[in-house]
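Here is the structure we will look at, set down as structure tokens.
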Amino acid sequence: ATFAGVEATPARRIVYLVDGSGSMAASINFVKSELNSSIQRLAEDQHFQIIVFRQPANTNQPATVAFARSDMVNATDTNKSSVSPWLQEILPVGRSDLTIGLTEAMRFQPDIIFVLSRGISRSGVNIEQRNADVLYALDRINPVMLNGQRNARIKTIQFIEDDPTGLMQLIAARHGDGEGSYRLVTRDELRRN
């Protein structure tokens with residue numbers, strides 16, 4: 001499985017975790033295009049799920065929205081062709097809460113999670129404490145097993161500029177599988193697409 005140049009092998013169960021907050025407005029068309037392309041390349045014996053995470057201002061809206069309601073779906077032509085129309089309904093609003101998104105993603109027992117975000121910083125928050133809280137929560141839901149591996153490998157893709165808080169890089173370093181687990185997609189790359 002690949003997304004925006006980030007590769008994960010082997011990967012039979014893939015979750016695309018998409019930041020759907022307002023900060024993604026400038027990147028959302030690129031994300032939708034790359035997401036659709038990535039899913040089109042999946043083989044039929046692979047399974048996928050797309051989860052959009054955000055905290056809408058309207059508290060009646062859910063914090064996460066999933067492509068398939070109950071479980072992952074096989075990467076059949078029918079399921080893959082349903083992705084593009086579903087993505088068109090996704091509009092970036094509100095703020096993002098990565099911990100909620102990661103918790104929902106782990107519920108599907110993936111081999112790989114691609115986290116796609118513009119920025120997950122919070123104003124008025126102690127960044128070091130927030131990073132520690134997110135990493136602690138993530139270590140609880142994706143612990144190191146007896147074999148020294150984690151259940152899911154997490155790859156992070158940052159849009160437009162590096163995450164100044166370092167959280168996306170830290171997640172990739174601790175939960176990825178080495179170099180290439182974090183990628184920055186620059187403004188120039190977005191313009192070319």
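Each chain of the structure tokens is named A, B, ... in the order shown, its residues numbered from 1; ligands are numbered from 1 in display order.
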Subject >> Spatial neighbours of region 51-54 of chain A, 8 Å, only C-alpha atoms, chain gap at least 3 places, as an NGL selection string >> reply: :A and (15-21 or 63-67 or 93-98 or 100-101 or 104-105)
Could you list, as a PDB file with N, CA and C atoms, in the first residue's frame, every residue within 12 Å of Arg13 (chain A), counting only C-alpha atoms and ignoring same-chain residues fewer than 5 positions away?
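As written to disk, out10.pdb reads:
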```pdb
ATOM      1  N   ALA A   1       0.852  -1.177   0.000  1.00  0.00           N
ATOM      2  CA  ALA A   1       0.000   0.000   0.000  1.00  0.00           C
ATOM      3  C   ALA A   1       0.892   1.232   0.000  1.00  0.00           C
ATOM      4  N   ALA A   8       4.055   0.994   2.470  1.00  0.00           N
ATOM      5  CA  ALA A   8       3.948   0.061   3.585  1.00  0.00           C
ATOM      6  C   ALA A   8       3.768  -1.346   3.027  1.00  0.00           C
ATOM      7  N   ILE A  39      -6.186   3.756  -3.076  1.00  0.00           N
ATOM      8  CA  ILE A  39      -7.167   2.675  -2.948  1.00  0.00           C
ATOM      9  C   ILE A  39      -7.335   1.930  -4.270  1.00  0.00           C
ATOM     10  N   LEU A  42      -4.927  -0.962  -4.626  1.00  0.00           N
ATOM     11  CA  LEU A  42      -5.009  -2.107  -3.722  1.00  0.00           C
ATOM     12  C   LEU A  42      -5.467  -3.354  -4.480  1.00  0.00           C
ATOM     13  N   ALA A  43      -4.986  -4.505  -4.027  1.00  0.00           N
ATOM     14  CA  ALA A  43      -5.401  -5.794  -4.598  1.00  0.00           C
ATOM     15  C   ALA A  43      -6.675  -6.268  -3.908  1.00  0.00           C
ATOM     16  N   GLU A  44      -7.420  -7.133  -4.576  1.00  0.00           N
ATOM     17  CA  GLU A  44      -8.706  -7.594  -4.035  1.00  0.00           C
ATOM     18  C   GLU A  44      -8.584  -8.315  -2.705  1.00  0.00           C
ATOM     19  N   ASP A  45      -7.415  -8.904  -2.417  1.00  0.00           N
ATOM     20  CA  ASP A  45      -7.276  -9.619  -1.139  1.00  0.00           C
ATOM     21  C   ASP A  45      -6.886  -8.674   0.001  1.00  0.00           C
ATOM     22  N   GLN A  46      -6.771  -7.385  -0.280  1.00  0.00           N
ATOM     23  CA  GLN A  46      -6.524  -6.400   0.767  1.00  0.00           C
ATOM     24  C   GLN A  46      -7.852  -5.818   1.238  1.00  0.00           C
ATOM     25  N   HIS A  47      -7.847  -5.301   2.461  1.00  0.00           N
ATOM     26  CA  HIS A  47      -9.034  -4.684   3.056  1.00  0.00           C
ATOM     27  C   HIS A  47      -8.681  -3.252   3.433  1.00  0.00           C
ATOM     28  N   PHE A  48      -9.658  -2.361   3.356  1.00  0.00           N
ATOM     29  CA  PHE A  48      -9.376  -0.974   3.697  1.00  0.00           C
ATOM     30  C   PHE A  48     -10.544  -0.327   4.421  1.00  0.00           C
ATOM     31  N   GLN A  49     -10.215   0.757   5.074  1.00  0.00           N
ATOM     32  CA  GLN A  49     -11.193   1.601   5.754  1.00  0.00           C
ATOM     33  C   GLN A  49     -10.669   3.032   5.680  1.00  0.00           C
ATOM     34  N   ILE A  50     -11.573   3.986   5.547  1.00  0.00           N
ATOM     35  CA  ILE A  50     -11.228   5.402   5.590  1.00  0.00           C
ATOM     36  C   ILE A  50     -11.958   5.992   6.790  1.00  0.00           C
ATOM     37  N   ASP A  71     -17.016  -2.637   9.510  1.00  0.00           N
ATOM     38  CA  ASP A  71     -15.725  -3.299   9.399  1.00  0.00           C
ATOM     39  C   ASP A  71     -15.014  -2.795   8.153  1.00  0.00           C
ATOM     40  N   MET A  72     -13.820  -3.276   7.947  1.00  0.00           N
ATOM     41  CA  MET A  72     -13.111  -2.959   6.715  1.00  0.00           C
ATOM     42  C   MET A  72     -13.821  -3.636   5.551  1.00  0.00           C
ATOM     43  N   VAL A  73     -13.544  -3.157   4.350  1.00  0.00           N
ATOM     44  CA  VAL A  73     -14.127  -3.755   3.155  1.00  0.00           C
ATOM     45  C   VAL A  73     -13.022  -4.293   2.269  1.00  0.00           C
ATOM     46  N   ASN A  74     -13.351  -5.332   1.507  1.00  0.00           N
ATOM     47  CA  ASN A  74     -12.408  -5.858   0.525  1.00  0.00           C
ATOM     48  C   ASN A  74     -12.190  -4.819  -0.564  1.00  0.00           C
ATOM     49  N   ALA A  75     -10.998  -4.800  -1.116  1.00  0.00           N
ATOM     50  CA  ALA A  75     -10.670  -3.843  -2.174  1.00  0.00           C
ATOM     51  C   ALA A  75     -11.166  -4.356  -3.531  1.00  0.00           C
ATOM     52  N   ALA A 105      -9.385   4.143  14.569  1.00  0.00           N
ATOM     53  CA  ALA A 105      -8.641   3.365  13.571  1.00  0.00           C
ATOM     54  C   ALA A 105      -8.201   2.015  14.122  1.00  0.00           C
ATOM     55  N   MET A 106      -7.722   1.975  15.359  1.00  0.00           N
ATOM     56  CA  MET A 106      -7.245   0.728  15.955  1.00  0.00           C
ATOM     57  C   MET A 106      -8.374  -0.270  16.168  1.00  0.00           C
ATOM     58  N   ARG A 107      -9.597   0.210  16.261  1.00  0.00           N
ATOM     59  CA  ARG A 107     -10.749  -0.680  16.424  1.00  0.00           C
ATOM     60  C   ARG A 107     -10.870  -1.666  15.253  1.00  0.00           C
ATOM     61  N   PHE A 108     -10.336  -1.305  14.096  1.00  0.00           N
ATOM     62  CA  PHE A 108     -10.438  -2.145  12.903  1.00  0.00           C
ATOM     63  C   PHE A 108      -9.267  -3.116  12.751  1.00  0.00           C
ATOM     64  N   GLN A 109      -8.378  -3.161  13.724  1.00  0.00           N
ATOM     65  CA  GLN A 109      -7.237  -4.071  13.763  1.00  0.00           C
ATOM     66  C   GLN A 109      -6.424  -4.034  12.465  1.00  0.00           C
ATOM     67  N   PRO A 110      -5.929  -2.852  12.107  1.00  0.00           N
ATOM     68  CA  PRO A 110      -5.172  -2.724  10.856  1.00  0.00           C
ATOM     69  C   PRO A 110      -3.725  -3.193  10.994  1.00  0.00           C
ATOM     70  N   ASP A 111      -3.128  -3.496   9.847  1.00  0.00           N
ATOM     71  CA  ASP A 111      -1.679  -3.727   9.778  1.00  0.00           C
ATOM     72  C   ASP A 111      -0.971  -2.382   9.668  1.00  0.00           C
ATOM     73  N   ILE A 112      -1.623  -1.464   8.956  1.00  0.00           N
ATOM     74  CA  ILE A 112      -1.021  -0.166   8.677  1.00  0.00           C
ATOM     75  C   ILE A 112      -2.066   0.939   8.800  1.00  0.00           C
ATOM     76  N   ILE A 113      -1.649   2.060   9.358  1.00  0.00           N
ATOM     77  CA  ILE A 113      -2.493   3.261   9.402  1.00  0.00           C
ATOM     78  C   ILE A 113      -1.703   4.384   8.744  1.00  0.00           C
ATOM     79  N   PHE A 114      -2.298   4.998   7.734  1.00  0.00           N
ATOM     80  CA  PHE A 114      -1.753   6.217   7.154  1.00  0.00           C
ATOM     81  C   PHE A 114      -2.486   7.381   7.804  1.00  0.00           C
ATOM     82  N   ASN A 151       1.088  -4.017  16.908  1.00  0.00           N
ATOM     83  CA  ASN A 151       0.023  -4.572  16.064  1.00  0.00           C
ATOM     84  C   ASN A 151      -0.105  -3.807  14.756  1.00  0.00           C
ATOM     85  N   ALA A 152      -0.048  -2.480  14.823  1.00  0.00           N
ATOM     86  CA  ALA A 152      -0.192  -1.644  13.628  1.00  0.00           C
ATOM     87  C   ALA A 152       1.037  -0.763  13.465  1.00  0.00           C
ATOM     88  N   ARG A 153       1.460  -0.621  12.225  1.00  0.00           N
ATOM     89  CA  ARG A 153       2.495   0.358  11.888  1.00  0.00           C
ATOM     90  C   ARG A 153       1.772   1.635  11.482  1.00  0.00           C
TER      91      ARG A 153
END
```
**OP:** Tell me which protein, DNA and RNA residues are within 6 Å of region 159-164 of chain A, counting only C-alpha atoms, leaving out same-chain ones fewer than 5 positions away, and put them as a list in words.
**Re:**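 Neighbouring residues, sequence-local ones excluded: Arg118, Leu184, Val185, Thr186 and Arg187 of chain A.
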Keeping only C-alpha atoms, take the residues you just selected and write them out as a compact mmCIF listing (two decimals), in the first residue's frame.
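Wrote it out as again24.txt, contents follow:
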```txt
# COMPACT_ATOMS: atom_id res chain seq x y z
CA ARG A 118 -2.09 19.45 7.87
CA LEU A 184 6.05 16.11 4.26
CA VAL A 185 4.00 17.03 1.17
CA THR A 186 4.97 20.60 0.35
CA ARG A 187 2.86 23.43 -1.02
```
Subject >> Every residue of region 25-184 of chain A that DSSP places in strand (DSSP E), as a PyMOL selection string >> reply: chain A and resi 47-53+64-66+73-74+112-117+153-160+182-184
Find the spatial neighbours of Arg174 (chain A), counting only C-alpha atoms, within a cut-off of 9 Å - ignore same-chain residues fewer than 4 positions away - and output them as a compact mmCIF listing (two decimals) with N, CA, C and O atoms, in the first residue's frame.
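Just written: out-v3.txt:
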```txt
# COMPACT_ATOMS: atom_id res chain seq x y z
N LEU A 135 1.03 10.42 22.82
CA LEU A 135 1.91 9.24 22.69
C LEU A 135 1.59 8.19 23.75
O LEU A 135 1.63 6.99 23.47
N ASP A 139 0.45 4.50 22.84
CA ASP A 139 1.17 3.33 23.34
C ASP A 139 0.21 2.34 24.01
O ASP A 139 0.43 1.12 23.96
N ILE A 154 2.27 2.75 11.96
CA ILE A 154 1.62 4.03 11.67
C ILE A 154 2.57 4.91 10.88
O ILE A 154 3.69 5.17 11.31
N GLN A 169 6.08 13.54 13.57
CA GLN A 169 7.37 12.86 13.44
C GLN A 169 7.57 11.84 14.57
O GLN A 169 8.08 10.74 14.34
N LEU A 170 7.17 12.21 15.79
CA LEU A 170 7.30 11.29 16.92
C LEU A 170 6.45 10.04 16.74
O LEU A 170 6.89 8.93 17.04
N GLY A 178 10.51 2.55 10.57
CA GLY A 178 11.80 3.07 10.16
C GLY A 178 11.70 4.27 9.25
O GLY A 178 10.65 4.91 9.14
```
Original post:
Between A:Ser117, A:Ser33, A:Gln158, A:Thr103, which is the closest to Ile141 (chain A) once you count only C-alpha atoms?
Top reply: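 For Ile141 (chain A), the nearest of the candidates is A:Thr103.
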**OP:** Please give the complete set of residues from region 15-101 of chain A that DSSP, run on the backbone, assigns to alpha helix (DSSP H), formatted as a PyMOL selection string.
**Re:** chain A and resi 28-40+77-81+83-88+98-101
**OP:** Considering only C-alpha atoms, state which residue in the set A:Ile157, A:Ala173, A:Leu146, A:Ala137 is at the smallest distance from Val31 (chain A).
**Re:**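 Among A:Ile157, A:Ala173, A:Leu146, A:Ala137, it is A:Ile157 that comes nearest to Val31 (chain A).
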Subject >> Separation of CA of Asn36 (chain A) from CA of Leu138 (chain A), in Å and rounded to one decimal >> reply: 26.9 Å
